[in-house]
$ cat query-v2.txt   # compact mmCIF, C-alpha atoms
# COMPACT_ATOMS: atom_id res chain seq x y z
CA MET A 19 50.07 26.81 3.65
CA LEU A 20 47.79 24.14 5.06
CA ASN A 21 44.90 25.09 7.32
CA GLU A 22 44.03 23.10 10.47
CA LYS A 23 41.32 21.11 8.73
CA GLU A 24 43.72 20.05 6.00
CA LYS A 25 46.38 19.11 8.54
CA TYR A 26 43.84 16.86 10.22
CA ARG A 27 42.51 15.40 7.00
CA TYR A 28 45.96 14.42 5.69
CA ASP A 29 47.36 13.59 9.15
CA ARG A 30 48.16 9.94 8.42
CA GLN A 31 50.35 10.73 5.45
CA ILE A 32 51.82 13.92 6.99
CA LYS A 33 53.07 11.63 9.78
CA LEU A 34 55.25 9.81 7.25
CA ASP A 35 58.86 11.00 7.38
CA SER A 36 58.94 10.73 3.62
CA LEU A 37 56.07 13.20 3.21
CA GLY A 38 55.60 15.52 6.21
CA ILE A 39 54.01 18.98 6.20
CA SER A 40 56.30 20.14 3.41
CA GLY A 41 55.30 17.22 1.17
CA GLN A 42 51.63 17.90 1.81
CA GLU A 43 52.13 21.57 0.95
CA LYS A 44 53.82 20.57 -2.30
CA LEU A 45 50.87 18.35 -3.14
CA LYS A 46 48.48 21.20 -2.40
CA ALA A 47 50.45 23.53 -4.66
CA SER A 48 50.64 21.03 -7.54
CA ASN A 49 48.66 20.79 -10.79
CA VAL A 50 48.24 17.45 -12.51
CA LEU A 51 46.51 16.78 -15.83
CA VAL A 52 45.14 13.26 -16.33
CA ILE A 53 44.40 12.27 -19.93
CA GLY A 54 41.78 9.56 -19.98
CA ALA A 55 39.29 8.79 -17.22
CA GLY A 56 38.93 5.11 -18.04
CA GLY A 57 40.43 1.96 -16.55
CA LEU A 58 43.72 3.60 -15.57
CA GLY A 59 42.44 7.16 -15.17
CA CYS A 60 39.89 6.20 -12.49
CA PRO A 61 42.38 4.80 -9.94
CA VAL A 62 44.94 7.51 -10.77
CA LEU A 63 42.35 10.23 -10.16
CA GLN A 64 40.98 8.61 -7.06
CA TYR A 65 44.39 8.45 -5.35
CA LEU A 66 45.55 11.88 -6.48
CA ALA A 67 42.35 13.48 -5.22
CA ALA A 68 42.51 11.58 -1.92
CA ALA A 69 46.17 12.54 -1.42
CA GLY A 70 45.34 16.23 -1.81
CA VAL A 71 46.80 17.22 -5.20
CA GLY A 72 45.64 20.86 -5.29
CA LYS A 73 44.40 21.04 -8.85
CA ILE A 74 43.48 18.13 -11.10
CA GLY A 75 42.47 18.39 -14.75
CA ILE A 76 40.64 15.53 -16.48
CA VAL A 77 40.46 15.11 -20.26
CA ASP A 78 38.05 12.56 -21.72
CA PHE A 79 35.57 12.83 -24.59
CA ASP A 80 34.01 9.41 -24.06
CA SER A 81 30.78 8.51 -22.29
CA ILE A 82 30.23 5.78 -19.73
CA ASN A 83 28.74 2.47 -20.82
CA GLU A 84 27.91 -0.62 -18.86
CA SER A 85 30.95 -2.61 -20.03
CA ASN A 86 33.20 0.04 -18.39
CA LEU A 87 31.92 -0.52 -14.87
CA HIS A 88 33.96 -3.62 -13.98
CA ARG A 89 37.14 -1.53 -14.05
CA GLN A 90 36.24 2.17 -14.11
CA ILE A 91 35.54 2.33 -10.43
CA LEU A 92 34.66 6.03 -10.12
CA PHE A 93 31.41 5.41 -12.01
CA SER A 94 28.12 3.89 -10.98
CA GLU A 95 25.05 2.73 -12.83
CA LYS A 96 23.43 6.17 -12.56
CA ASP A 97 26.31 7.61 -14.61
CA LEU A 98 25.64 5.47 -17.71
CA GLY A 99 25.63 7.62 -20.83
CA ASN A 100 27.30 10.60 -19.12
CA ASN A 101 30.66 12.06 -20.09
CA LYS A 102 33.57 10.45 -18.21
CA ALA A 103 35.46 13.68 -17.45
CA PHE A 104 32.35 15.32 -15.97
CA ALA A 105 31.26 12.22 -14.04
CA ALA A 106 34.77 11.70 -12.61
CA ALA A 107 35.02 15.38 -11.62
CA GLU A 108 31.65 15.19 -9.89
CA ARG A 109 32.64 12.09 -7.96
CA LEU A 110 36.02 13.50 -6.90
CA LYS A 111 34.49 16.79 -5.74
CA GLY A 112 32.31 14.73 -3.43
CA MET A 113 35.39 12.91 -2.12
CA ASN A 114 37.58 15.93 -1.42
CA SER A 115 36.30 19.52 -1.20
CA PHE A 116 39.77 20.90 -0.43
CA ILE A 117 40.96 20.51 -4.01
CA SER A 118 39.84 21.91 -7.34
CA ILE A 119 38.92 19.78 -10.32
CA GLU A 120 38.57 20.85 -13.93
CA ALA A 121 36.82 18.62 -16.47
CA TYR A 122 37.56 18.88 -20.20
CA PRO A 123 34.99 16.74 -22.02
CA LYS A 124 37.02 16.74 -25.22
CA ARG A 125 39.15 14.45 -27.32
CA LEU A 126 42.82 15.26 -26.86
CA ASP A 127 44.23 16.71 -30.05
CA ASN A 128 47.34 18.69 -30.91
CA SER A 129 45.89 22.13 -30.18
CA LEU A 130 44.20 21.05 -26.94
CA ALA A 131 47.54 19.63 -25.74
CA LEU A 132 49.28 22.95 -26.44
CA GLU A 133 46.48 24.83 -24.72
CA LEU A 134 46.29 22.71 -21.56
CA PHE A 135 49.74 21.22 -20.87
CA PRO A 136 51.44 24.57 -20.01
CA ASN A 137 48.97 25.03 -17.13
CA TYR A 138 50.01 21.80 -15.42
CA ASP A 139 53.20 20.60 -13.69
CA LEU A 140 52.92 17.09 -14.98
CA ILE A 141 50.81 14.95 -17.24
CA VAL A 142 49.44 11.45 -16.70
CA ASP A 143 48.94 9.29 -19.78
CA ALA A 144 45.98 7.07 -18.94
CA THR A 145 44.84 6.72 -22.54
CA ASP A 146 44.11 3.55 -24.46
CA ASN A 147 45.65 4.16 -27.87
CA PHE A 148 48.92 4.92 -29.62
CA THR A 149 47.67 8.08 -31.30
CA SER A 150 47.28 9.76 -27.90
CA ARG A 151 50.49 8.29 -26.49
CA TYR A 152 52.72 9.63 -29.28
CA LEU A 153 50.87 12.95 -29.22
CA ILE A 154 51.33 13.26 -25.43
CA ASN A 155 55.00 12.30 -25.70
CA ASP A 156 55.82 14.83 -28.40
CA ALA A 157 53.83 17.62 -26.69
CA CYS A 158 55.62 16.92 -23.38
CA VAL A 159 59.03 17.02 -25.09
CA LEU A 160 58.08 20.27 -26.83
CA LEU A 161 56.80 21.88 -23.62
CA ASN A 162 59.35 20.25 -21.31
CA LYS A 163 56.80 18.45 -19.10
CA PRO A 164 57.33 15.07 -17.45
CA PHE A 165 54.64 12.45 -17.91
CA VAL A 166 53.67 9.25 -16.17
CA TYR A 167 52.84 6.39 -18.51
CA GLY A 168 50.68 3.37 -17.83
CA SER A 169 49.33 0.82 -20.26
CA ILE A 170 47.78 -2.62 -20.15
CA PHE A 171 47.31 -5.76 -22.16
CA LYS A 172 44.78 -8.26 -20.78
CA THR A 173 46.43 -9.29 -17.47
CA GLU A 174 49.76 -7.48 -17.83
CA GLY A 175 50.69 -3.83 -17.39
CA GLN A 176 53.52 -1.39 -18.08
CA VAL A 177 54.48 1.69 -16.07
CA SER A 178 57.20 4.29 -16.62
CA VAL A 179 57.96 7.99 -16.25
CA PHE A 180 59.08 9.86 -19.35
CA ASN A 181 60.84 13.16 -20.02
CA TYR A 182 61.55 13.64 -16.31
CA LYS A 183 64.50 15.99 -15.77
CA LYS A 184 65.71 15.38 -19.35
CA GLY A 185 65.36 11.61 -18.89
CA PRO A 186 64.29 9.12 -21.59
CA THR A 187 61.06 9.66 -23.52
CA TYR A 188 58.44 7.21 -24.78
CA ARG A 189 60.13 7.31 -28.18
CA CYS A 190 63.42 6.20 -26.58
CA LEU A 191 61.55 3.05 -25.59
CA PHE A 192 59.30 2.59 -28.62
CA PRO A 193 60.48 4.99 -31.36
CA GLN A 194 57.52 4.38 -33.64
CA PRO A 195 54.00 3.06 -33.33
CA PRO A 196 53.55 -0.67 -33.97
CA GLN A 197 51.90 -1.97 -37.10
CA PHE A 198 49.10 -3.51 -35.14
CA VAL A 199 48.04 -3.88 -31.50
CA PRO A 200 44.57 -4.87 -30.34
CA SER A 201 42.59 -2.67 -27.94
CA CYS A 202 40.85 -3.67 -24.66
CA GLU A 203 37.59 -3.61 -26.56
CA GLU A 204 38.81 -6.45 -28.73
CA VAL A 205 40.77 -8.56 -26.26
CA GLY A 206 39.34 -7.89 -22.81
CA VAL A 207 41.05 -6.55 -19.70
CA MET A 208 41.24 -7.51 -16.03
CA GLY A 209 39.61 -4.89 -13.78
CA VAL A 210 41.97 -5.32 -10.83
CA LEU A 211 44.98 -4.90 -13.12
CA CYS A 212 43.83 -1.36 -13.97
CA GLY A 213 43.72 -0.63 -10.24
CA VAL A 214 47.27 -1.93 -9.73
CA ILE A 215 48.77 -0.06 -12.69
CA GLY A 216 46.77 3.13 -12.01
CA ALA A 217 47.88 3.09 -8.35
CA LYS A 218 51.50 2.69 -9.48
CA GLN A 219 51.08 5.71 -11.77
CA ALA A 220 49.60 7.77 -8.91
CA ASN A 221 52.54 6.68 -6.75
CA GLU A 222 55.01 8.03 -9.34
CA VAL A 223 53.10 11.34 -9.50
CA ILE A 224 53.21 11.75 -5.73
CA LYS A 225 56.94 10.89 -5.53
CA MET A 226 57.72 13.44 -8.25
CA ILE A 227 55.69 16.20 -6.59
CA THR A 228 57.01 15.56 -3.08
CA GLU A 229 60.53 14.88 -4.40
CA ASN A 230 60.81 11.62 -2.57
CA GLY A 231 62.18 8.18 -3.28
CA GLU A 232 63.25 7.07 -6.74
CA VAL A 233 61.20 8.02 -9.75
CA LEU A 234 60.65 5.31 -12.39
CA SER A 235 62.52 7.33 -15.02
CA GLY A 236 64.61 5.30 -17.49
CA LYS A 237 62.90 2.16 -16.25
CA LEU A 238 60.03 0.17 -17.66
CA GLU A 239 58.16 -1.82 -15.05
CA MET A 240 56.21 -4.80 -16.32
CA TYR A 241 53.62 -6.34 -14.01
CA ASP A 242 51.92 -9.67 -14.59
CA ALA A 243 48.76 -9.97 -12.49
CA LEU A 244 48.28 -13.72 -13.03
CA ARG A 245 51.78 -14.56 -11.84
CA SER A 246 52.13 -11.64 -9.41
CA SER A 247 55.51 -11.00 -10.95
CA THR A 248 57.27 -7.73 -11.67
CA ASN A 249 60.18 -7.24 -14.08
CA THR A 250 61.96 -3.93 -14.47
CA PHE A 251 64.02 -3.03 -17.54
CA SER A 252 66.32 -0.05 -17.83
CA PHE A 253 66.80 2.09 -20.91
CA SER A 254 68.46 5.39 -21.66
CA ARG A 255 67.71 8.58 -23.51
CA ASN A 256 68.46 8.38 -27.21
CA GLU A 257 69.39 11.96 -27.96
CA ASP A 258 69.33 11.46 -31.75
CA GLY A 259 65.94 9.79 -31.53
CA VAL A 260 64.50 12.55 -29.36
CA GLY A 261 65.96 15.21 -31.66
CA LYS A 262 64.42 13.55 -34.70
CA TYR A 263 60.91 14.18 -33.37
CA LEU A 264 61.55 17.50 -31.66
CA MET A 265 59.18 19.87 -33.40
CA THR A 266 58.38 23.54 -33.39
CA THR A 267 54.89 24.50 -32.25
CA ASP A 268 53.79 24.93 -35.85
CA GLN A 269 55.16 21.56 -36.94
CA PHE A 270 53.51 19.89 -33.96
CA LEU A 271 50.13 21.46 -34.76
CA LYS A 272 50.29 20.09 -38.31
CA TYR A 273 51.33 16.55 -37.31
CA ASP A 274 48.60 14.00 -38.06
CA TYR A 275 48.97 11.50 -35.21
CA ALA A 276 45.95 9.39 -36.13
CA HIS A 277 47.33 8.84 -39.60
CA TYR A 278 50.85 8.33 -38.26
CA CYS A 279 49.60 5.63 -35.87
CA GLY A 280 47.70 3.88 -38.65
CA GLU A 281 44.24 4.68 -37.36
CA GLN A 282 41.51 3.98 -39.81
CA GLU A 283 39.33 6.72 -41.11
CA THR A 284 35.79 6.29 -39.81
CA LYS A 285 34.34 5.94 -43.29
CA TYR A 286 35.87 2.46 -43.49
CA ILE A 287 34.25 1.37 -40.22
CA ILE A 288 30.68 0.14 -39.76
CA GLU A 289 28.92 -0.10 -36.39
CA SER A 290 26.52 -2.92 -35.49
CA GLY A 291 23.42 -0.78 -35.97
CA GLN A 292 24.51 0.35 -39.43
CA LEU A 293 25.08 -3.23 -40.54
CA ASN A 294 21.57 -4.17 -39.41
CA ASP A 295 20.16 -1.32 -41.50
CA LEU A 296 22.17 -2.34 -44.57
CA MET A 297 21.08 -5.97 -44.19
CA GLN A 298 17.43 -4.96 -43.90
CA LYS A 299 17.66 -3.06 -47.16
CA ASN A 300 19.48 -5.98 -48.82
CA ASN A 301 21.93 -3.61 -50.47
CA VAL A 302 25.26 -4.85 -49.26
CA GLN A 303 27.67 -7.71 -49.93
CA ILE A 304 28.98 -9.24 -46.75
CA PHE A 305 32.42 -10.77 -46.97
CA ASP A 306 33.08 -13.16 -44.07
CA ILE A 307 36.84 -13.71 -43.83
CA ARG A 308 36.75 -16.14 -40.90
CA GLN A 309 37.66 -19.83 -40.96
CA ASP A 310 34.80 -22.29 -41.69
CA TRP A 311 34.50 -23.36 -38.07
CA GLU A 312 34.05 -19.92 -36.55
CA GLU A 313 30.62 -19.15 -35.05
CA PRO A 314 28.14 -17.48 -35.08
CA LYS A 315 27.32 -17.59 -38.75
CA LEU A 316 25.49 -14.65 -40.22
CA ASP A 317 22.07 -15.14 -41.82
CA TYR A 318 22.08 -13.07 -45.01
CA LYS A 319 21.65 -14.00 -48.66
CA ASN A 320 24.47 -12.01 -50.24
CA ILE A 321 27.34 -13.37 -48.23
CA ILE A 322 30.74 -14.55 -49.43
CA SER A 323 32.76 -16.74 -47.07
CA ILE A 324 36.44 -17.00 -47.87
CA PRO A 325 39.08 -17.11 -45.13
CA LEU A 326 41.52 -14.21 -44.93
CA GLN A 327 44.48 -16.24 -46.21
CA ASP A 328 42.63 -16.78 -49.52
CA ILE A 329 41.55 -13.16 -49.90
CA GLU A 330 43.06 -13.05 -53.42
CA LYS A 331 40.34 -15.48 -54.59
CA ALA A 332 37.69 -13.12 -53.27
CA VAL A 333 39.04 -10.17 -55.22
CA GLU A 334 37.70 -11.76 -58.45
CA ILE A 335 34.26 -12.52 -56.99
CA LEU A 336 33.46 -9.32 -55.08
CA SER A 337 31.33 -6.82 -56.96
CA ARG A 338 32.67 -3.30 -57.16
CA ASP A 339 29.18 -1.92 -57.80
CA GLN A 340 27.87 -2.63 -54.34
CA LYS A 341 29.02 -1.80 -50.82
CA ILE A 342 31.25 -4.49 -49.31
CA VAL A 343 31.30 -5.07 -45.56
CA LEU A 344 34.06 -7.31 -44.24
CA VAL A 345 33.34 -9.25 -41.07
CA CYS A 346 35.42 -11.43 -38.76
CA GLN A 347 35.22 -12.52 -35.13
CA TYR A 348 36.49 -9.40 -33.31
CA GLY A 349 36.98 -6.81 -36.04
CA THR A 350 40.74 -7.26 -36.04
CA ARG A 351 41.37 -9.29 -39.19
CA SER A 352 38.66 -7.39 -41.04
CA SER A 353 40.34 -4.09 -40.20
CA VAL A 354 43.54 -5.31 -41.86
CA ALA A 355 41.65 -6.78 -44.82
CA VAL A 356 39.85 -3.48 -45.54
CA GLU A 357 43.19 -1.75 -45.94
CA TYR A 358 44.36 -4.57 -48.21
CA LEU A 359 41.34 -4.34 -50.51
CA ARG A 360 41.50 -0.55 -50.60
CA LEU A 361 45.19 -0.07 -51.13
CA LYS A 362 46.21 -3.18 -53.06
CA HIS A 363 43.08 -3.64 -55.17
CA GLN A 364 41.57 -0.14 -55.15
CA PHE A 365 38.14 -1.14 -53.83
CA ARG A 366 36.33 2.07 -52.95
CA ASP A 367 33.08 1.26 -51.20
CA VAL A 368 34.44 -1.10 -48.60
CA ALA A 369 34.22 -1.08 -44.79
CA HIS A 370 34.50 -3.50 -41.92
CA LEU A 371 32.36 -4.35 -38.90
CA LYS A 372 33.78 -2.79 -35.74
CA GLY A 373 33.99 -5.29 -32.87
CA GLY A 374 33.30 -8.21 -35.21
CA LEU A 375 30.45 -10.71 -35.15
CA GLN A 376 31.20 -11.59 -31.55
CA ASN A 377 29.74 -8.20 -30.60
CA PHE A 378 27.07 -8.01 -33.27
CA ILE A 379 23.41 -8.38 -32.33
CA PRO A 380 21.30 -9.10 -35.43
CA LYS A 381 17.95 -7.32 -35.61
CA LYS A 382 15.13 -9.88 -35.78
CA MET B 287 75.78 -21.67 -25.75
CA LYS B 288 72.44 -21.22 -24.11
CA ILE B 289 70.24 -18.24 -23.36
CA THR B 290 66.91 -17.85 -21.59
CA LEU B 291 64.13 -16.11 -23.48
CA LYS B 292 61.30 -14.33 -21.68
CA TYR B 293 58.11 -13.33 -23.46
CA PHE B 294 55.57 -10.68 -22.48
CA GLY B 295 52.13 -9.45 -23.51
CA MET B 296 50.90 -10.47 -26.94
CA ILE B 297 54.18 -12.25 -27.64
CA ALA B 298 53.71 -14.63 -24.69
CA GLU B 299 50.13 -15.09 -25.78
CA SER B 300 50.93 -15.68 -29.42
CA LEU B 301 53.71 -18.20 -28.68
CA ALA B 302 51.71 -19.73 -25.79
CA LYS B 303 54.71 -19.64 -23.46
CA GLN B 304 56.33 -17.23 -21.02
CA GLU B 305 59.85 -18.53 -21.06
CA GLU B 306 62.15 -21.02 -22.79
CA GLU B 307 65.79 -21.82 -23.36
CA LEU B 308 67.44 -21.43 -26.72
CA SER B 309 70.72 -22.89 -27.93
CA MET B 310 72.90 -20.77 -30.14
CA GLU B 311 76.02 -21.93 -31.95
CA LYS B 312 78.05 -18.90 -31.02
CA SER B 313 77.63 -15.41 -29.68
CA GLN B 314 75.03 -13.59 -31.77
CA THR B 315 73.89 -10.03 -32.18
CA VAL B 316 70.37 -9.00 -31.25
CA SER B 317 69.52 -8.70 -34.92
CA ASP B 318 70.75 -12.28 -35.63
CA LEU B 319 68.61 -13.48 -32.75
CA ARG B 320 65.56 -11.70 -34.18
CA ASP B 321 66.10 -13.47 -37.51
CA GLN B 322 66.51 -16.83 -35.80
CA LEU B 323 63.37 -16.35 -33.67
CA GLU B 324 61.29 -15.15 -36.60
CA LYS B 325 62.26 -18.30 -38.50
CA ILE B 326 61.10 -20.47 -35.60
CA TYR B 327 58.02 -18.32 -34.95
CA PRO B 328 56.87 -16.56 -38.16
CA LYS B 329 54.11 -14.88 -36.07
CA LEU B 330 56.77 -12.66 -34.52
CA LYS B 331 57.21 -10.88 -37.85
CA SER B 332 53.91 -9.09 -37.40
CA ILE B 333 54.56 -8.00 -33.79
CA ASP B 334 56.73 -5.02 -32.85
CA TYR B 335 58.98 -5.46 -29.85
CA ARG B 336 62.17 -4.24 -28.19
CA ILE B 337 64.78 -6.59 -26.81
CA ALA B 338 66.32 -6.36 -23.35
CA VAL B 339 69.38 -8.38 -22.35
CA ASN B 340 69.82 -8.93 -18.62
CA GLN B 341 67.17 -6.27 -17.84
CA SER B 342 68.61 -3.53 -20.06
CA LEU B 343 67.23 -2.53 -23.43
CA VAL B 344 69.80 -2.98 -26.17
CA GLU B 345 70.20 -2.00 -29.83
CA SER B 346 70.32 -4.43 -32.74
CA ASN B 347 74.14 -4.63 -32.93
CA TYR B 348 74.48 -5.72 -29.28
CA SER B 349 76.27 -9.05 -28.90
CA ILE B 350 74.49 -11.58 -26.67
CA GLN B 351 76.65 -13.65 -24.34
CA GLN B 352 76.26 -17.12 -22.80
CA ASP B 353 73.58 -17.48 -20.09
CA SER B 354 72.00 -14.12 -20.86
CA GLU B 355 68.37 -13.52 -20.07
CA VAL B 356 66.76 -12.03 -23.17
CA ALA B 357 63.32 -10.41 -22.91
CA LEU B 358 61.00 -9.58 -25.82
CA LEU B 359 59.01 -6.47 -24.90
CA PRO B 360 56.04 -5.37 -27.01
CA PRO B 361 54.31 -2.02 -26.41
CA PHE B 362 50.87 -2.22 -24.81
CA ALA B 363 47.97 -0.05 -25.95
CA GLY B 364 45.17 -0.50 -23.43
CA GLY B 365 44.11 1.76 -20.62

$ encode --input "query-v2.txt" --output "structure tokens"
Amino acid sequence: MLNEKEKYRYDRQIKLDSLGISGQEKLKASNVLVIGAGGLGCPVLQYLAAAGVGKIGIVDFDSINESNLHRQILFSEKDLGNNKAFAAAERLKGMNSFISIEAYPKRLDNSLALELFPNYDLIVDATDNFTSRYLINDACVLLNKPFVYGSIFKTEGQVSVFNYKKGPTYRCLFPQPPQFVPSCEEVGVMGVLCGVIGAKQANEVIKMITENGEVLSGKLEMYDALRSSTNTFSFSRNEDGVGKYLMTTDQFLKYDYAHYCGEQETKYIIESGQLNDLMQKNNVQIFDIRQDWEEPKLDYKNIISIPLQDIEKAVEILSRDQKIVLVCQYGTRSSVAVEYLRLKHQFRDVAHLKGGLQNFIPKK
Amino acid sequence: MKITLKYFGMIAESLAKQEEELSMEKSQTVSDLRDQLEKIYPKLKSIDYRIAVNQSLVESNYSIQQDSEVALLPPFAGG
């Protein structure tokens, strides 16, 4: 039941025939778990909190940095360095004291999904990687929860609703993770686009809770912000495909999603700061796999420059007695090349520079 | 026969175009079309994508008819 204050607060949406008092009561009684409080999570959370979703859970392990602020609109400069789930919860509590917010400052993994998902009516996938997306999909199928999907690439976005009333799942659309897809960190992302896609996700959540309109189940909406164009594609549930990945709780808990999605183990990744340290000590070989014309060049004595397509030539030259750090412009080619050297040529002490030289600041 | 191809996400970026027409000798399956496109654009071999014909996702044995609109849909990762 809504009290008088709530009726007044939500008056403008209660007035809508499509929502009404009953819709508002359904929102109040609902529980929604949002995974990821980043570019998509911020607008999703903002609209769900404003609309009066009774209980909202937020999962995010990451902390806020300055390069998030152009799109992660719940955060301000004073939040820099703080955990995103906590900061978002704090902000939303200030926006709407009629609802309850729970922050989980953790990385979503198999056991956390099994612990949290049963307590919520529906899940919002506002993550930025395939490991989480396949994990969320399989957990939702296992626990019979619908989830709202949103995802972006530069200036384009995708939205859909999966596993809604036995409808198609994410695996019916993309059965297996791709070999390679760059992240926002590497390619950039338009701030406004996150707002558009996140708002569309919130819209799907509200329609599902209030049982209104048509839910975007079995449909993939593609939005192009530069052309202001929308294309919608339909697809159906592939029962064999869904069955193939339907697991028991025990099987799910043992499934290694990071490995399955081709994520690199951290020991093969080097951060900017670490590379500076290694260069200071002069105990590393740097292998620049960019083309001759790519800038900036790196100033270091033990550097080998051979473009990626000629990597075979480098195999003979590289010393196996010293650490090898592969570098390229954005950390994309080097990430592939590390795997090549490791798996094809059994190099052991090899890593690559995360974010590439474009994001590397040499220590003077 | 002719079809219209529509590209999205990293495919549009990689091929530097959103749309184009393609002539085919006869009706082809989706898997034939993939082979043909990957010959014209070897870059496509390293990108995963689903194919939709006239706004519906189809499987590889689907036969594409004259004047169809064929979309190449890659998954997106960002958020």

$ residues_around --input "query-v2.txt" --residues "segment 239-249 of chain A" --least-positions-apart "5" --cutoff "7 Å" --atoms "only C-alpha atoms" --output "PyMOL selection string"
chain A and resi 173-178+211

$ closest_residue --input "query-v2.txt" --among "A:Cys60, A:Leu153, A:Ile82, A:Ile335" --to "chain B" --atoms "all atoms listed in the file"
A:Cys60

$ closest_residue --input "query-v2.txt" --among "A:Ala106, A:Leu316, A:Cys190, A:Val52" --to "Glu345 of chain B" --atoms "only C-alpha atoms"
A:Cys190

$ interface_residues --input "query-v2.txt" --of "chain A" --to "chain B" --cutoff "10 Å" --atoms "all atoms listed in the file" --output "ChimeraX atom specification"
/A:54-59,143-149,151,168-176,191-203,205-207,212,215-216,237-238,240-242,249-254

$ closest_residue --input "query-v2.txt" --among "A:Ala107, A:Ile379, A:Val142, A:Leu326" --to "Ile224 of chain A" --atoms "all atoms listed in the file"
A:Val142

$ atom_distance --input "query-v2.txt" --atom1 "atom CA of Ala69 of chain A" --atom2 "atom CA of Ser85 of chain A"
28.4 Å

$ residues_around --input "query-v2.txt" --residues "Leu271 of chain A" --least-positions-apart "2" --cutoff "7 Å" --atoms "all atoms listed in the file" --output "PyMOL selection string"
chain A and resi 128-129+267-269+273
